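Visitor: Below you will find the structure I want to go over with you.
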Amino acid sequence: MNLDDYIDEVIKLACVAKQNGDIPIGAIVIKDGIIIGKGYNTREKNNNVLGHAEVNSLIMAMKNEKNWNLKGSTMIVTLKPCSMCAEIIKQCRIDKVFYLVDKLENKKEYNKTKFIKIENIKEAEYKAILKTFFANLREKK
């Protein structure tokens, strides 16, 4: 795979986002040398926090592949993915991510949300549900 062949595409996608008033970020997903997903930021345009270029490109790739598991794929994106996108990329099993630019050093992600574990309320009940689900899933394979 020659990265130069794909750089123009992610920059074009970033420019579409910019024209729409969104942060100019573009992303593509490639498998076996073919672009299977394209995306650009649509968060402001669609008023949807999930409208990141990476997520949009993954949604298209999953639709085209008819599978959420994109193992064997590579992503190219203009800006280093945020923590949300990085986790979604990992969940999709993308092999590699190439990006053009690091985030600005003074750019901080929102981190004021507190996550609090609920203690001793129906924990065993829910663990049993999970255990049964995954046991059944393994039996199907």
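In the structure tokens, chains take the letters A, B, ... in the order shown, each chain's residues start at 1, and ligands count up from 1 in the order shown.
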Might you pull out every residue within 8 Å of region 15-21 of chain A, with only C-alpha atoms counted and same-chain residues fewer than 2 positions away left off, and present them as an NGL selection string?
Guide: :A and (11-13 or 23-26 or 40-42 or 44-45)
Visitor: Counting only C-alpha atoms, which of A:Cys82, A:Ile35, A:Asn69, A:Ile88 gets nearest to Val55 (chain A)?
Guide: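 Looking at the shortest contact to Val55 (chain A), the residue is A:Ile88.
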Visitor: From chain A, collect each residue whose DSSP state is alpha helix (DSSP H) and return the set as a ChimeraX atom specification.
Guide: /A:4-19,43-46,53-65,83-91,123-140
